[in-house]
Structures are given as structure tokens and as C-alpha cells.
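Printed here is model35.txt (compact mmCIF, C-alpha atoms):
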# COMPACT_ATOMS: atom_id res chain seq x y z
CA MET H 635 199.08 -38.69 -77.24
CA ASP H 636 200.41 -37.89 -73.74
CA ALA H 637 201.97 -34.53 -72.88
CA ALA H 638 205.56 -35.79 -73.21
CA GLY H 639 204.77 -37.33 -76.61
CA ALA H 640 203.12 -34.12 -77.79
CA HIS H 641 206.14 -32.07 -76.68
CA ALA H 642 208.48 -34.51 -78.42
CA SER H 643 206.55 -34.32 -81.67
CA GLU H 644 206.39 -30.53 -81.50
CA VAL H 645 210.15 -30.38 -80.94
CA SER H 646 210.77 -32.71 -83.88
CA LEU H 647 208.48 -30.61 -86.03
CA ALA H 648 210.20 -27.41 -84.87
CA ARG H 649 213.58 -28.88 -85.82
CA ALA H 650 212.24 -29.76 -89.25
CA VAL H 651 210.79 -26.25 -89.62
CA VAL H 652 214.20 -24.76 -88.77
CA ALA H 653 215.86 -26.88 -91.45
CA ALA H 654 213.19 -26.02 -94.02
CA VAL H 655 213.33 -22.28 -93.32
CA ARG H 656 217.13 -22.24 -93.42
CA GLY H 657 216.86 -23.62 -96.93
CA VAL H 658 214.85 -20.64 -98.15
CA PRO H 659 217.02 -18.25 -100.19
CA SER H 660 217.67 -14.90 -98.44
CA VAL H 661 217.15 -16.43 -95.00
CA ALA H 662 220.43 -15.92 -93.14
CA ASN H 663 219.34 -17.91 -90.12
CA LEU H 664 216.61 -18.25 -87.56
CA SER H 665 216.55 -15.81 -84.70
CA PRO H 666 216.17 -16.81 -81.07
CA GLY H 667 213.82 -13.85 -80.63
CA ARG H 668 214.70 -10.25 -80.08
CA PHE H 669 212.53 -9.23 -77.14
CA ALA H 670 211.75 -12.58 -75.55
CA GLU H 671 213.03 -16.05 -76.27
CA ALA H 672 211.18 -17.62 -79.16
CA ALA H 673 211.55 -21.36 -78.91
CA THR H 674 209.77 -24.68 -78.79
CA TYR H 675 210.46 -26.53 -75.59
CA GLY H 676 210.61 -30.27 -75.19
CA PRO H 677 211.97 -32.72 -72.66
CA GLY H 678 215.56 -31.64 -72.12
CA GLU H 679 215.84 -29.48 -75.20
CA ARG H 680 214.59 -26.41 -76.96
CA VAL H 681 214.53 -25.37 -80.57
CA ARG H 682 215.12 -21.66 -80.97
CA GLY H 683 213.51 -19.57 -83.65
CA VAL H 684 210.29 -21.53 -83.99
CA VAL H 685 207.29 -21.45 -81.69
CA ILE H 686 204.58 -24.07 -82.20
CA HIS H 687 201.15 -23.79 -80.58
CA ARG H 688 198.32 -26.23 -80.94
CA ALA H 689 195.08 -24.29 -80.83
CA GLY H 690 191.90 -26.33 -81.20
CA GLY H 691 193.73 -29.07 -83.07
CA ALA H 692 195.31 -26.71 -85.59
CA LEU H 693 198.99 -25.88 -85.53
CA ASP H 694 199.96 -22.23 -85.24
CA ILE H 695 203.59 -21.67 -86.10
CA GLU H 696 205.67 -18.59 -85.42
CA VAL H 697 208.99 -18.33 -87.24
CA HIS H 698 211.64 -15.79 -86.24
CA VAL H 699 213.97 -15.02 -89.10
CA CYS H 700 217.20 -13.12 -89.72
CA ALA H 701 216.93 -12.03 -93.33
CA LEU H 702 219.94 -11.64 -95.53
CA TYR H 703 219.99 -8.04 -96.63
CA VAL H 704 220.59 -7.74 -100.34
CA ASP H 705 219.31 -5.12 -102.76
CA SER H 706 216.70 -7.50 -104.13
CA LEU H 707 215.27 -8.33 -100.71
CA VAL H 708 211.52 -7.80 -100.41
CA LEU H 709 210.38 -8.86 -96.97
CA PRO H 710 206.72 -9.68 -97.76
CA GLU H 711 207.89 -11.90 -100.62
CA LEU H 712 210.44 -13.60 -98.42
CA ALA H 713 207.74 -14.14 -95.79
CA ALA H 714 205.58 -15.76 -98.45
CA ARG H 715 208.44 -18.12 -99.39
CA VAL H 716 209.01 -18.97 -95.73
CA ARG H 717 205.31 -19.74 -95.33
CA ILE H 718 205.32 -21.95 -98.39
CA ALA H 719 208.32 -23.89 -97.07
CA VAL H 720 206.66 -24.36 -93.68
CA ARG H 721 203.33 -25.33 -95.17
CA GLN H 722 204.91 -27.88 -97.51
CA LEU H 723 206.85 -29.38 -94.63
CA VAL H 724 203.88 -29.63 -92.29
CA GLU H 725 201.69 -31.14 -94.99
CA GLY H 726 204.51 -33.47 -96.02
CA VAL H 727 204.97 -34.93 -92.55
CA GLY H 728 201.24 -35.01 -91.90
CA ALA H 729 201.54 -33.03 -88.68
CA GLY H 730 197.89 -32.04 -88.76
CA PRO H 731 195.85 -29.07 -89.93
CA LEU H 732 197.78 -25.85 -90.14
CA GLY H 733 196.47 -22.57 -88.71
CA ARG H 734 198.45 -19.36 -88.81
CA ILE H 735 202.05 -19.00 -89.83
CA ASP H 736 203.49 -15.82 -88.39
CA VAL H 737 206.82 -14.62 -89.75
CA ASP H 738 208.82 -12.17 -87.66
CA PHE H 739 211.91 -10.59 -89.16
CA ASP H 740 214.01 -9.98 -86.08
CA ASP H 741 217.13 -8.89 -87.87
CA LEU H 742 218.48 -7.92 -91.25
CA ARG H 743 221.95 -9.31 -91.77
CA ILE H 744 224.24 -7.67 -94.23
CA GLU H 745 226.37 -9.79 -96.53
CA GLU H 746 229.64 -8.28 -95.32
CA GLU H 747 228.67 -9.18 -91.75
CA MET H 748 228.07 -12.77 -92.87
CA ARG H 749 231.54 -12.97 -94.39
CA GLY H 750 233.14 -11.35 -91.35
CA MET O 1384 214.48 -15.84 -67.78
CA SER O 1385 211.55 -18.21 -68.16
CA VAL O 1386 208.23 -17.66 -66.41
CA PHE O 1387 208.82 -20.75 -64.27
CA ASN O 1388 212.18 -19.47 -63.01
CA ARG O 1389 210.69 -16.07 -62.32
CA LEU O 1390 207.80 -17.56 -60.33
CA LEU O 1391 210.24 -19.75 -58.42
CA ILE O 1392 212.35 -16.75 -57.42
CA ILE O 1393 209.26 -14.76 -56.40
CA LEU O 1394 208.13 -17.69 -54.25
CA LEU O 1395 211.57 -18.05 -52.66
CA ALA O 1396 211.75 -14.30 -52.01
CA LEU O 1397 208.35 -14.40 -50.29
CA VAL O 1398 209.42 -17.36 -48.13
CA LEU O 1399 212.63 -15.52 -47.25
CA LEU O 1400 210.70 -12.36 -46.37
CA VAL O 1401 208.19 -14.16 -44.16
CA ALA O 1402 210.87 -16.20 -42.38
CA ALA O 1403 213.21 -13.23 -41.86
CA ALA O 1404 210.37 -11.00 -40.64
CA ALA O 1405 209.11 -13.68 -38.25
CA VAL O 1406 212.59 -14.25 -36.82
CA LEU O 1407 213.21 -10.51 -36.50
CA LEU O 1408 209.89 -9.82 -34.76
CA THR O 1409 210.42 -12.76 -32.44
CA THR O 1410 214.01 -11.83 -31.64
CA LEU O 1411 213.05 -8.22 -30.93
CA ARG O 1412 210.16 -9.55 -28.81
CA VAL O 1413 207.66 -7.48 -30.72
CA THR O 1414 205.35 -10.49 -30.87
CA GLN O 1415 205.21 -13.99 -29.47
CA PRO O 1416 205.88 -16.95 -31.75
CA GLU O 1417 202.31 -18.22 -31.16
CA GLN O 1418 200.88 -14.98 -32.53
CA LEU O 1419 202.95 -15.18 -35.69
CA SER O 1420 202.59 -18.76 -36.67
CA PRO O 1421 199.50 -20.68 -37.66
CA THR O 1422 201.23 -24.05 -37.20
CA PRO O 1423 203.00 -25.62 -34.21
CA TRP O 1424 205.87 -26.59 -36.50
CA PHE O 1425 206.71 -22.97 -37.22
CA VAL O 1426 206.23 -22.01 -33.53
CA ASP O 1427 208.82 -24.65 -32.57
CA ARG O 1428 211.26 -23.11 -35.06
CA LEU O 1429 210.73 -19.58 -33.64
CA VAL O 1430 210.83 -20.34 -29.91
CA PRO O 1431 214.67 -20.63 -29.76
CA PHE O 1432 214.91 -17.00 -30.96
CA THR O 1433 213.22 -15.83 -27.74
CA GLN O 1434 216.09 -17.19 -25.62
CA LEU O 1435 219.22 -15.85 -27.31
CA ASP O 1436 222.26 -14.56 -25.46
CA PRO O 1437 223.20 -10.92 -26.26
CA THR O 1438 225.92 -11.75 -28.84
CA LEU O 1439 223.74 -14.17 -30.74
CA TRP O 1440 220.82 -11.75 -30.46
CA SER O 1441 222.81 -9.03 -32.26
CA TRP O 1442 223.91 -11.43 -34.98
CA THR O 1443 220.37 -12.72 -35.46
CA VAL O 1444 218.90 -9.23 -35.72
CA GLY O 1445 221.60 -8.21 -38.19
CA ALA O 1446 221.22 -11.35 -40.31
CA SER O 1447 217.42 -11.05 -40.31
CA ILE O 1448 217.58 -7.46 -41.50
CA VAL O 1449 220.04 -8.41 -44.26
CA LEU O 1450 217.85 -11.33 -45.35
CA LEU O 1451 214.77 -9.11 -45.25
CA LEU O 1452 216.48 -6.61 -47.52
CA VAL O 1453 217.68 -9.36 -49.86
CA GLY O 1454 214.12 -10.73 -50.07
CA LEU O 1455 212.71 -7.27 -50.80
CA LEU O 1456 215.38 -6.66 -53.44
CA LEU O 1457 214.67 -9.99 -55.15
CA LEU O 1458 210.96 -9.31 -55.10
CA PHE O 1459 211.47 -5.82 -56.51
CA LEU O 1460 213.75 -7.10 -59.27
CA GLU O 1461 211.33 -9.81 -60.29
CA LEU O 1462 208.14 -7.76 -60.11
CA ARG O 1463 209.32 -4.56 -61.75
CA PRO O 1464 208.07 -4.13 -65.27
CA GLY O 1465 210.60 -5.32 -67.81
CA PRO O 1466 212.16 -3.07 -70.39
CA ARG O 1467 209.55 -1.96 -72.86
CA ALA O 1468 209.70 -4.24 -75.83
CA ALA O 1469 210.98 -2.37 -78.84
CA PRO O 1470 208.03 -2.22 -81.17
CA GLN O 1471 207.65 -4.13 -84.33
CA ILE O 1472 206.19 -2.92 -87.56
CA THR O 1473 203.51 -5.11 -89.07
CA LEU O 1474 204.07 -5.54 -92.77
CA LYS O 1475 201.04 -7.70 -93.39
CA GLU O 1476 198.32 -9.45 -91.43
CA ASP O 1477 195.70 -11.72 -92.90
CA GLY O 1478 194.05 -15.05 -92.27
CA LEU O 1479 197.32 -16.84 -92.99
CA GLY O 1480 199.16 -15.02 -90.23
CA ARG O 1481 201.19 -11.95 -89.50
CA VAL O 1482 204.45 -10.66 -90.95
CA THR O 1483 206.46 -8.22 -88.85
CA VAL O 1484 209.85 -6.59 -88.87
CA THR O 1485 211.57 -4.99 -85.91
CA ARG O 1486 211.72 -1.24 -85.87
CA ASP O 1487 215.46 -1.55 -85.20
CA GLY O 1488 215.79 -3.54 -88.41
CA VAL O 1489 214.10 -0.78 -90.41
CA ARG O 1490 216.25 1.81 -88.69
CA GLU O 1491 219.40 -0.11 -89.57
CA LEU O 1492 218.19 -0.38 -93.14
CA ALA O 1493 217.61 3.38 -93.30
CA ASP O 1494 221.01 4.06 -91.74
CA ARG O 1495 222.73 1.80 -94.21
CA GLU O 1496 221.03 3.31 -97.23
CA ALA O 1497 221.61 6.85 -96.04
CA GLY O 1498 225.27 6.04 -95.51
CA ARG O 1499 225.54 5.10 -99.18
CA VAL O 1500 224.73 8.64 -100.29
CA ALA O 1501 227.89 10.52 -101.25
CA GLY O 1502 228.83 13.15 -98.69
CA VAL O 1503 226.98 11.59 -95.75
CA MET O 1504 229.44 11.02 -92.93
CA THR O 1505 227.34 9.61 -90.13
CA VAL O 1506 223.67 8.74 -89.84
CA ARG O 1507 221.16 8.19 -87.08
CA SER O 1508 217.64 7.39 -88.13
CA GLN O 1509 214.35 7.16 -86.33
CA VAL O 1510 211.34 5.33 -87.72
CA ASP O 1511 207.74 5.99 -86.73
CA GLU O 1512 204.53 4.64 -88.08
CA ASP O 1513 201.12 6.21 -88.56
CA PRO O 1514 198.08 5.32 -90.65
CA THR O 1515 199.47 7.06 -93.74
CA GLY O 1516 202.71 5.09 -93.67
CA LEU O 1517 206.19 5.21 -92.23
CA ARG O 1518 207.82 8.43 -91.15
CA ILE O 1519 211.59 8.45 -91.18
CA LEU O 1520 213.68 11.08 -89.50
CA CYS O 1521 217.28 10.88 -90.60
CA ARG O 1522 219.90 12.84 -88.73
CA ILE O 1523 223.09 13.11 -90.70
CA SER O 1524 226.44 14.77 -90.48
CA VAL O 1525 227.70 15.77 -93.88
CA ASP O 1526 230.89 16.54 -95.67
CA PRO O 1527 231.30 20.36 -95.69
CA ALA O 1528 232.32 20.26 -99.34
CA SER O 1529 229.05 18.76 -100.48
CA SER O 1530 225.81 20.49 -101.37
CA VAL O 1531 223.36 19.92 -98.55
CA PRO O 1532 220.16 20.60 -100.53
CA GLU O 1533 221.18 18.18 -103.28
CA MET O 1534 222.31 15.57 -100.83
CA THR O 1535 219.19 15.74 -98.71
CA HIS O 1536 217.01 15.54 -101.80
CA GLU O 1537 218.86 12.45 -102.98
CA LEU O 1538 218.67 10.98 -99.50
CA GLN O 1539 214.92 11.49 -99.28
CA GLN O 1540 214.33 9.93 -102.67
CA ARG O 1541 216.62 7.03 -101.96
CA LEU O 1542 215.27 6.24 -98.51
CA LYS O 1543 211.68 6.37 -99.68
CA ALA O 1544 212.37 4.11 -102.64
CA VAL O 1545 214.50 1.60 -100.77
CA VAL O 1546 212.33 1.27 -97.69
CA GLU O 1547 209.17 0.96 -99.77
CA HIS O 1548 210.88 -1.65 -101.93
CA HIS O 1549 212.19 -3.78 -99.06
CA LEU O 1550 209.19 -3.50 -96.76
CA GLY O 1551 206.31 -3.13 -99.17
CA LEU O 1552 204.90 -0.33 -96.98
CA PRO O 1553 204.35 3.28 -98.04
CA VAL O 1554 206.76 5.87 -96.70
CA ALA O 1555 204.73 8.97 -95.91
CA GLN O 1556 207.58 11.25 -94.97
CA VAL O 1557 211.36 11.37 -94.91
CA SER O 1558 212.75 14.24 -92.87
CA VAL O 1559 216.43 14.97 -93.00
CA ASP O 1560 218.19 16.83 -90.25
CA ALA O 1561 221.60 17.72 -91.65
CA GLN O 1562 224.53 19.09 -89.81
CA VAL O 1563 227.82 19.97 -91.40
CA ALA O 1564 230.73 17.94 -90.06
CA PRO O 1565 232.47 17.95 -87.67
CA LEU O 1566 229.46 17.70 -85.39
CA LEU O 1567 231.06 18.71 -82.12
CA SER O 1568 232.92 21.84 -83.16
CA ASP O 1569 230.55 23.12 -85.81
CA ARG O 1570 228.09 25.67 -84.46
CA ARG O 1571 226.40 26.52 -87.71
CA PRO O 1572 222.62 26.17 -87.56
CA ARG O 1573 221.22 22.89 -88.86
CA ARG O 1574 219.10 22.86 -91.95
CA ARG O 1575 216.02 20.72 -91.93
CA VAL O 1576 214.39 19.66 -95.15
CA GLN O 1577 210.88 18.22 -95.21
Would you write the structure of this file as C-alpha cells?
Amino acid sequence: MDAAGAHASEVSLARAVVAAVRGVPSVANLSPGRFAEAATYGPGERVRGVVIHRAGGALDIEVHVCALYVDSLVLPELAARVRIAVRQLVEGVGAGPLGRIDVDFDDLRIEEEMRG
Amino acid sequence: MSVFNRLLIILLALVLLVAAAAVLLTTLRVTQPEQLSPTPWFVDRLVPFTQLDPTLWSWTVGASIVLLLVGLLLLFLELRPGPRAAPQITLKEDGLGRVTVTRDGVRELADREAGRVAGVMTVRSQVDEDPTGLRILCRISVDPASSVPEMTHELQQRLKAVVEHHLGLPVAQVSVDAQVAPLLSDRRPRRRVQ
């Protein structure tokens, strides 16, 4: 696969990861990164909130999440659910062997803020 | 700003600095164009600055100095160390990856929970981490009608329980620095409970 094709596939995968992670309960949204932009870059576009690296053939994925703050929120459990969603997606689309999945909670969003 | 943009600006600033310095040195006749330039192309560009009339000479010197300063400013802005990234707290790290939360997020969580305790007017928390767990310092202003010892005890219990529940990390210490409201006019000594 040429560089442009690899970028395109990474961007498509990043978009799919965004959709999958948004579907996880207690995820308010993905975060563009708090200290530096966290995004996957492709030709003419970028997908914020997901960073995909290919290291030695394996995919390392970094997901930046705004969690929805509710009393039942347990961040390590939410991270586990996010990882499961990402893993299922990557295995489902056959994007290759999966390495690390890092989950960074960049923000905790409170329900009243969501309504406002 | 992306790394590419930053490199581009550094490169442009360097070009601006070299060009402005060369023009300034040539115009002031400090050096000859041949001494400054390794290529005939650049010498040809500098030679006209050796034959300027007095008005144009003044303008050229002034413009070169301004451009030199602009180049230095751009270089300084791009090369200075960025703001120190606010640290993150690692909740978990294993072969599957790393899970982190921003320290600001934990601070906001502590502020919110502390604000739920009856009698707490305003809150400002600080979160630190050491090998034994998290250390939370909670500065609060309190309602004068409330009992500070009871309130601080409840606050400590609540913060410890809530933060441990949400983060899954042990809280080693919750310190409460309470001041009776109103903060600005009240001169009573603060009571600190460990």
C-alpha cells in the first residue's frame, strides 16, 4: 500500500473508531486533545480524538475521551468498555493486528453542562 | 500549530534574519557583498545596496533593522519552550495500553463533590500524586453558621470515597483548608484539618 493509501485507510479507521467510541455509554464525546492536538491526519482531512500509529505492522490506537460524569462513573471500567469497542471494530474490519489501545480521559462533562 | 508549520516559520525567520543582516551590513559598508555571500547570485542582489542615495540609505537601514527584529522575534516565539503540559494521572498501564485522566479533570471532580457538602460556599482543590496514592488539598470557604469540624470531616470522607470510586486509585490524604466566609473581609485564622 502506498503512503496516500495507508493514510486514507488510517483516516477511515479513525472515523470508524470515533463512531464506535461515541456509542459507548458514558462517553460524552471524543476530545481533540487537551495539551496537543490528538488527531489522525489524511489527505485533506483530519479526524480528531483518535491517533493511529502503525508500529511494526501492529496498530497502536490512542483514544481521547470526554467522559460523562455521573455518580456511577468508574473511569477504569469505562476505559475497558472503550477498549472493547475499539478492539471489536478493528477485528471486525480486519484492519490488522492490534497493539496498544491507550485511553486518555481529557475531560469530565457534567450532565447539566450537556443539557445547557 | 503543527510541527510542519513551526519548522516552516523557523526556516522563514532564519532566511529573513540572514537577508536583513546581509543588507544591513552591506548598506552600512561594514563588509563587502563578496565577503558575505558564497554565491554570485546573492552578491548580485547585495551590490545595489552599496550605491544608495542618502534618503534610500536611511530607509534601507531602518527597514533592515525592523526586519531583523521581526526575524528575531519570530525565532524567539517559535523556539521558546511551550507551556508546560498539565500533567496527567495514570490510572492503569499494562500490556493492553495506558489509561490516563487529566489532573484538571480530577480537580474539577473534587471541586464538584466538595461543593455538594452542605455549608461549603466555594472550593478550590489541588491534586497531587505520590506512590501511596492521591493527595488532595481542598481550600474552601464555608458558611459561618455551619460547624467547620463536622463539615471538614464529611468533606474528607466524601472526597476520598468519591475519588477512589471514580478513578479506582487510592486517596492517601485529603487536607481541608477552611476559611469562614466572606473570604475577603474575614480575618479569622484558618483551621486546617488533616
**OP:** Would you list the contacts of Leu707 in chain H as a list of chain:residue names, taking every protein, DNA or RNA residue within 8 Å and counting all atoms listed in the file, but skipping same-chain residues closer than 4 positions in sequence?
**Re:** H:Ser660, H:Leu702, H:Tyr703, H:Leu712, O:His1549
Original post:
chain O residues within 12 Å of chain H, counting all atoms listed in the file: which ones, as a VMD selection string?
Top reply: chain O and resid 1384 to 1386 1465 to 1493 1495 to 1496 1544 to 1552
Residues within 8 Å of range 1397-1405 of chain O, please, as a PDB file with C-alpha atoms, in the coordinates of the input. Count all atoms listed in the file; anything in the same chain fewer than 3 positions from it doesn't count.
ATOM      1  CA  ILE O1393     209.260 -14.760 -56.400  1.00  0.00           C
ATOM      2  CA  LEU O1394     208.130 -17.690 -54.250  1.00  0.00           C
ATOM      3  CA  LEU O1408     209.890  -9.820 -34.760  1.00  0.00           C
ATOM      4  CA  THR O1409     210.420 -12.760 -32.440  1.00  0.00           C
ATOM      5  CA  PRO O1416     205.880 -16.950 -31.750  1.00  0.00           C
ATOM      6  CA  LEU O1419     202.950 -15.180 -35.690  1.00  0.00           C
ATOM      7  CA  LEU O1429     210.730 -19.580 -33.640  1.00  0.00           C
ATOM      8  CA  SER O1447     217.420 -11.050 -40.310  1.00  0.00           C
ATOM      9  CA  ILE O1448     217.580  -7.460 -41.500  1.00  0.00           C
ATOM     10  CA  LEU O1450     217.850 -11.330 -45.350  1.00  0.00           C
ATOM     11  CA  LEU O1451     214.770  -9.110 -45.250  1.00  0.00           C
ATOM     12  CA  GLY O1454     214.120 -10.730 -50.070  1.00  0.00           C
ATOM     13  CA  LEU O1455     212.710  -7.270 -50.800  1.00  0.00           C
ATOM     14  CA  LEU O1458     210.960  -9.310 -55.100  1.00  0.00           C
TER      15      LEU O1458
END
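Distance-wise, CA of Thr1443 in chain O and CA of Arg1412 in chain O end up 12.6 Å apart.
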Skip Asp1526 in chain O itself and residues of its chain fewer than 6 positions away, then list as an mmCIF file with C-alpha atoms, keeping the file's coordinate frame all residues within 8 Å of it, counting only C-alpha atoms.
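So around13.cif came out as:
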data_model
loop_
_atom_site.group_PDB
_atom_site.id
_atom_site.type_symbol
_atom_site.label_atom_id
_atom_site.label_comp_id
_atom_site.auth_asym_id
_atom_site.auth_seq_id
_atom_site.Cartn_x
_atom_site.Cartn_y
_atom_site.Cartn_z
ATOM 1 C CA GLY O 1502 228.830 13.150 -98.690
ATOM 2 C CA VAL O 1503 226.980 11.590 -95.750
ATOM 3 C CA MET O 1504 229.440 11.020 -92.930
ATOM 4 C CA VAL O 1563 227.820 19.970 -91.400
ATOM 5 C CA ALA O 1564 230.730 17.940 -90.060
#
Original post:
Which is closer to Gly678 in chain H than all the others in H:Leu693, H:Val645, H:Val716, H:Ala729, using only C-alpha atoms?
Top reply: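 That would be H:Val645, the residue with the smallest distance to Gly678 in chain H.
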Original post:
How far is it from CA of Val1506 in chain O to CA of Gln1540 in chain O, in Å with one decimal?
Top reply: 15.9 Å
Original post:
What does the distance from CA of Glu725 in chain H to CA of Tyr675 in chain H come to in Å, to one decimal?
Top reply: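 Separation of CA of Glu725 in chain H and CA of Tyr675 in chain H: 21.8 Å.
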Original post:
Can you tell me, as a count of residues only, which residues sit within 10 Å of (222.0, 10.3, -101.9) in the file's frame, using all atoms listed in the file?
Top reply: 18
Original post:
Using all atoms listed in the file, which of O:Ala1446, O:Leu1452, O:Gln1415, O:Pro1514 sits nearest Gln1434 in chain O?
Top reply: O:Gln1415
Original post:
Which one is closest to Ala648 in chain H: H:Gly726, H:Gly691, H:Pro731, H:Gly676? Count only C-alpha atoms.
Top reply: H:Gly676
